[in-house]
Amino acid sequence: MTKITRLFDFPYHQLESYNLNKAFSTKYDGEWVSISTQEYINQANAISRGLLRLGVNPNDKIAVISTNNRTEWNVMDIGILQIGAQNVPIYPTICKEDYEYILNHSEATYCFVSDKEIINKLNAIKSNTKLKGVYTFDDVADEANWKDILDLGKDASNQDVVEDRKKQVKPDDLATLIYTSGTTGTPKGVMLSHNNLVSNVLDSEKRVPFDYGKSKSLSFLPVCHVFERMILYLYQFCGVEIYFAESIEAMSDNLKEVKPNVMTAVPRLYEKVYDKIVAKGSDLSGIKKALFFWAINIGLKYEPYGVNGWWYEKQLKIARKLIFSKWQEGLGGNLELMVSGSAALQPRLTRVFAAAGMPIMEGYGLTETSPVISVNDQRDGGFKIGTVGRVIDNVEVKIAEDGEILVKGPNVMQGYYKDPEKTAEVMSGDYFHTGDIGEIDTDGFLKITDRKKEIFKTSGGKYVAPALLENQFKQSRFIEQIMVIGEGEKMPAALIQINYEFAEEWAKRHNIPFSHDSIRDNQELKDRIQEEIDSANKKFGKWEQIKKFEITPDVWTIEDGHLTPTMKMRRKIIKEKYLNLIEKIYRS
């Protein structure tokens, strides 16, 4: 049996253990097209041979940018890694200037892209890089295609060189550079070795129940995201068929077509699924509607392992039969497990989907930890709502004096590429500083309680740097203080303390009655502030833009605890003071 120590060992292990007819399936022009494990390996070898003929050397960097997850990405990945080169995945949605920065910083020599939109963006900056060639997965007029490399590798006479290169690759060799979000400056290239990712796959596998060689998965999270990439290697290891979802819009159809047993997503997707289900329930009438919302209320009280007692379990059984079974049908009928990562999952979603018999297992990790640090597992009492599960085997977590989560293990990155200073900032000996505040409870479950730094992620997994937004919005004369919120929510929003002096002046100009108590409820004022926000929003990416705001009833002061003596916001206290407004923004 193949001993797995490097990432390209996974396909060979799958061939020996499961030899799937449908290892990967992608939809082209409305038809699912599958390749077997053997075809996967054959194509990866052809890519390796073709890249060798292009003159690709060990440690060369090859970038891959794909709008959707697809079979070609995985074939390229193995083809690149087998010859000792490194795969540099790039987020498709970033701006062309970030493409340019990453391609130059990584010194990528070749780039493979999915479609016309990306090639157009890339062509605008290609001449400023060291790229020797760019190839597309889709057929794009006047552009080289990835099949050219497959054709170049058809002649197997240099397969012995591929085999020799494979032997030269050691477990601790660099496998990939993954560039993290650059909201606090330029993106950082996280260096992950073969062993970083392989160890994380093997240690995470014990937490995910599959029917080995028989399960089906639907892959949706971008594969340039380390979480989905690790999961794809895990699926390969466990003989799970992988189907690639077309888009978020097509998810519902894809679920019904594929009927997967498992899927992974970010919380935002689960929120959308839940919202859609609730919207359909709201359209019902009479007894059907009453039953639907009765079932949801049962679901929202869910606790695992029968903790709620026999009467609750009896009601749950009825709710599952009458209502939740229809949810399952709507999601393909076979979904037994969903995995969530990248941002905090709302406990109400954990409860209601577990009640519906489709539990979401929330995990925790970072790009720098390959990524999994901990994950929930329904078996053996390993599932606790409101936590990110127990720490996986061979990984050690300790809580620093200030509450920060520190991590040590074979999954911890080699460092930031070409940046020893930033690497030193996050490493204490073998321990990586996560920047998250947390605690481990008496049962060994890890709970994330706060962010050490102010940057947060929305439930869609996007980073938001509140200070950047706040500084821009505060340029408005209407806004005295503003705090951007949205950690784990579907969108950023804001709490605003208006500049009462300016508001009074504005009100007089517009013949609007003014008083400190009534002005914040004035619709004309709210509309005017909305104009200010709309204007400032144009300077930011869609995921960062403020979608809603509420005006707080009082002036933020040092005395009342809103501000520090140096006039910095006490974010935690402000959130606690205005919980009702936050609820109004996100729940009304």
# chains A, B, ... in the order shown; residues from 1 in each chain; ligands from 1
>>> closest_atom_pairs(of="stretch 220-280 of chain A", to="stretch 27-51 of chain A", cutoff="9 Å", atoms="only C-alpha atoms", output="JSON lines")
{"residue": "A:Tyr243", "atom": "CA", "partner": "A:Lys27", "partner_atom": "CA", "distance": 8.6}
{"residue": "A:Phe244", "atom": "CA", "partner": "A:Lys27", "partner_atom": "CA", "distance": 7.6}
{"residue": "A:Ala245", "atom": "CA", "partner": "A:Lys27", "partner_atom": "CA", "distance": 8.1}
{"residue": "A:Glu246", "atom": "CA", "partner": "A:Lys27", "partner_atom": "CA", "distance": 7.0}
>>> closest_atom_pairs(of="stretch 44-103 of chain A", to="stretch 117-136 of chain A", cutoff="8 Å", atoms="only C-alpha atoms", output="Markdown table")
| residue | atom | partner | partner_atom | distance |
| --- | --- | --- | --- | --- |
| A:Ile65 | CA | A:Ile118 | CA | 7.7 |
| A:Ser66 | CA | A:Ile118 | CA | 7.9 |
| A:Thr67 | CA | A:Ile118 | CA | 7.8 |
| A:Pro92 | CA | A:Ile118 | CA | 7.1 |
| A:Lys96 | CA | A:Lys121 | CA | 5.8 |
| A:Glu97 | CA | A:Ile125 | CA | 7.6 |
| A:Tyr99 | CA | A:Leu122 | CA | 7.3 |
| A:Glu100 | CA | A:Ile125 | CA | 6.2 |
| A:Leu103 | CA | A:Thr129 | CA | 6.6 |
>>> select_by_dssp(residues="stretch 107-292 of chain A", states="alpha helix (DSSP H)", output="compact mmCIF listing (two decimals) with C-alpha atoms, in the first residue's frame")
# COMPACT_ATOMS: atom_id res chain seq x y z
CA LYS A 116 -12.39 34.44 -20.38
CA GLU A 117 -13.19 36.84 -17.54
CA ILE A 118 -10.04 35.89 -15.63
CA ILE A 119 -7.79 35.84 -18.70
CA ASN A 120 -8.95 39.38 -19.53
CA LYS A 121 -8.05 40.57 -16.03
CA LEU A 122 -4.73 38.71 -16.20
CA ASN A 123 -3.81 40.01 -19.66
CA TRP A 146 -4.38 23.56 -20.84
CA LYS A 147 -4.97 20.70 -23.32
CA ASP A 148 -1.81 21.93 -25.09
CA ILE A 149 0.13 20.77 -22.00
CA LEU A 150 -1.77 17.45 -21.92
CA ASP A 151 -0.82 16.98 -25.62
CA LEU A 152 2.78 17.97 -24.88
CA GLN A 159 7.82 9.44 -17.41
CA ASP A 160 11.02 8.12 -15.81
CA VAL A 161 12.01 11.75 -15.15
CA VAL A 162 8.60 12.32 -13.49
CA GLU A 163 9.19 9.26 -11.28
CA ASP A 164 12.66 10.51 -10.39
CA ARG A 165 11.31 13.96 -9.51
CA LYS A 166 8.63 12.36 -7.32
CA LYS A 167 11.30 10.45 -5.38
CA GLN A 168 13.19 13.69 -4.77
CA HIS A 194 3.40 18.44 1.98
CA ASN A 195 3.51 17.22 5.58
CA ASN A 196 1.55 20.24 6.87
CA LEU A 197 -1.43 19.29 4.70
CA VAL A 198 -0.98 15.49 4.73
CA SER A 199 -0.87 15.39 8.55
CA ASN A 200 -3.97 17.59 8.72
CA VAL A 201 -5.87 15.27 6.35
CA LEU A 202 -4.91 12.13 8.27
CA ASP A 203 -5.63 13.68 11.68
CA SER A 204 -8.97 15.17 10.57
CA VAL A 226 -7.18 25.87 2.21
CA PHE A 227 -10.22 24.39 4.00
CA GLU A 228 -11.81 23.08 0.80
CA ARG A 229 -8.47 21.99 -0.60
CA MET A 230 -7.71 19.91 2.50
CA ILE A 231 -11.24 18.47 2.34
CA LEU A 232 -10.71 17.44 -1.31
CA TYR A 233 -7.54 15.55 -0.33
CA LEU A 234 -9.53 13.98 2.53
CA TYR A 235 -12.27 12.87 0.12
CA GLN A 236 -9.61 11.33 -2.14
CA PHE A 237 -8.10 9.48 0.82
CA CYS A 238 -11.51 8.09 1.85
CA MET A 251 -26.71 24.70 -5.58
CA SER A 252 -30.31 23.63 -5.07
CA ASP A 253 -30.44 21.87 -8.46
CA ASN A 254 -26.99 20.32 -7.99
CA LEU A 255 -27.99 18.89 -4.60
CA LYS A 256 -31.03 17.20 -6.15
CA GLU A 257 -28.99 15.86 -9.10
CA VAL A 258 -26.01 14.55 -7.12
CA PRO A 267 -21.97 29.73 7.38
CA ARG A 268 -23.36 32.25 4.90
CA LEU A 269 -24.46 29.45 2.57
CA TYR A 270 -26.20 27.58 5.40
CA GLU A 271 -27.91 30.87 6.35
CA LYS A 272 -29.16 31.24 2.77
CA VAL A 273 -30.44 27.66 2.70
CA TYR A 274 -32.23 28.20 6.02
CA ASP A 275 -33.70 31.56 4.94
CA LYS A 276 -35.01 29.96 1.75
CA ILE A 277 -36.65 27.14 3.70
CA VAL A 278 -38.26 29.60 6.15
CA ALA A 279 -39.49 31.79 3.27
CA LYS A 280 -41.22 28.74 1.75
CA GLY A 281 -42.75 27.91 5.13
CA SER A 282 -44.05 31.47 5.43
CA GLY A 286 -53.47 27.14 8.00
CA ILE A 287 -52.43 23.91 9.72
CA LYS A 288 -49.46 23.37 7.35
CA LYS A 289 -47.95 26.72 8.32
CA ALA A 290 -48.60 26.12 12.02
CA LEU A 291 -46.92 22.69 11.83
CA PHE A 292 -43.94 24.12 9.93
>>> residues_around(residues="A:Ser106", least_positions_apart="6", cutoff="9 Å", atoms="only C-alpha atoms", output="JSON, numbers by chain")
{"A": [61, 62, 63, 88, 177, 189, 417]}
>>> residues_around(residues="stretch 512-521 of chain A", least_positions_apart="3", cutoff="12 Å", atoms="only C-alpha atoms", output="PyMOL selection string")
chain A and resi 478-479+496-509+524-529+549-555
>>> select_by_dssp(residues="stretch 78-209 of chain A", states="strand (DSSP E or B)", output="PyMOL selection string")
chain A and resi 86-89+110-113+133-136+145+174-179+189-193
>>> closest_residue(among="A:Ile80, A:Cys224, A:Ile399, A:Leu579", to="A:Leu52", atoms="only C-alpha atoms")
A:Ile80
>>> atom_distance(atom1="atom CA of A:Asp155", atom2="atom CA of A:Ser25")
26.0 Å
>>> residues_around(residues="A:Gln475", least_positions_apart="5", cutoff="12 Å", atoms="only C-alpha atoms", output="VMD selection string")
chain A and resid 468 to 470 480 to 482 499 529 532 to 533 535 to 536
>>> write_last_selection(atoms="N, CA and C atoms", output="PDB file, in the first residue's frame")
ATOM      1  N   LEU A 468     -10.683  50.673   8.788  1.00  0.00           N
ATOM      2  CA  LEU A 468     -10.591  51.304   7.467  1.00  0.00           C
ATOM      3  C   LEU A 468     -11.923  51.926   7.074  1.00  0.00           C
ATOM      4  N   LEU A 469     -12.999  51.182   7.305  1.00  0.00           N
ATOM      5  CA  LEU A 469     -14.339  51.666   6.969  1.00  0.00           C
ATOM      6  C   LEU A 469     -14.724  52.848   7.862  1.00  0.00           C
ATOM      7  N   GLU A 470     -14.477  52.667   9.158  1.00  0.00           N
ATOM      8  CA  GLU A 470     -14.879  53.702  10.124  1.00  0.00           C
ATOM      9  C   GLU A 470     -14.211  55.038   9.822  1.00  0.00           C
ATOM     10  N   GLU A 480     -20.478  61.366  14.169  1.00  0.00           N
ATOM     11  CA  GLU A 480     -19.504  61.666  15.232  1.00  0.00           C
ATOM     12  C   GLU A 480     -18.673  60.415  15.533  1.00  0.00           C
ATOM     13  N   GLN A 481     -19.363  59.303  15.751  1.00  0.00           N
ATOM     14  CA  GLN A 481     -18.704  58.033  16.027  1.00  0.00           C
ATOM     15  C   GLN A 481     -19.420  56.948  15.237  1.00  0.00           C
ATOM     16  N   ILE A 482     -18.657  55.967  14.784  1.00  0.00           N
ATOM     17  CA  ILE A 482     -19.260  54.830  14.065  1.00  0.00           C
ATOM     18  C   ILE A 482     -18.499  53.560  14.398  1.00  0.00           C
ATOM     19  N   ASN A 499     -23.514  63.360  14.919  1.00  0.00           N
ATOM     20  CA  ASN A 499     -22.991  64.648  15.369  1.00  0.00           C
ATOM     21  C   ASN A 499     -24.207  65.556  15.600  1.00  0.00           C
ATOM     22  N   ILE A 529     -28.237  60.318   5.897  1.00  0.00           N
ATOM     23  CA  ILE A 529     -27.063  59.540   6.353  1.00  0.00           C
ATOM     24  C   ILE A 529     -26.831  58.364   5.404  1.00  0.00           C
ATOM     25  N   GLU A 532     -24.755  59.409   2.600  1.00  0.00           N
ATOM     26  CA  GLU A 532     -23.339  59.507   2.999  1.00  0.00           C
ATOM     27  C   GLU A 532     -22.691  58.112   2.974  1.00  0.00           C
ATOM     28  N   ILE A 533     -23.414  57.140   3.489  1.00  0.00           N
ATOM     29  CA  ILE A 533     -22.887  55.770   3.546  1.00  0.00           C
ATOM     30  C   ILE A 533     -22.747  55.192   2.138  1.00  0.00           C
ATOM     31  N   SER A 535     -22.195  56.762  -0.562  1.00  0.00           N
ATOM     32  CA  SER A 535     -21.055  57.429  -1.202  1.00  0.00           C
ATOM     33  C   SER A 535     -19.734  56.818  -0.726  1.00  0.00           C
ATOM     34  N   ALA A 536     -19.604  56.638   0.591  1.00  0.00           N
ATOM     35  CA  ALA A 536     -18.362  56.068   1.148  1.00  0.00           C
ATOM     36  C   ALA A 536     -18.194  54.600   0.761  1.00  0.00           C
TER      37      ALA A 536
END
>>> closest_residue(among="A:Ile94, A:Glu107, A:Leu406, A:Tyr212", to="A:Gln14", atoms="only C-alpha atoms")
A:Tyr212
>>> closest_residue(among="A:Lys474, A:Lys542, A:Lys490, A:Arg379", to="A:Lys457", atoms="only C-alpha atoms")
A:Lys490
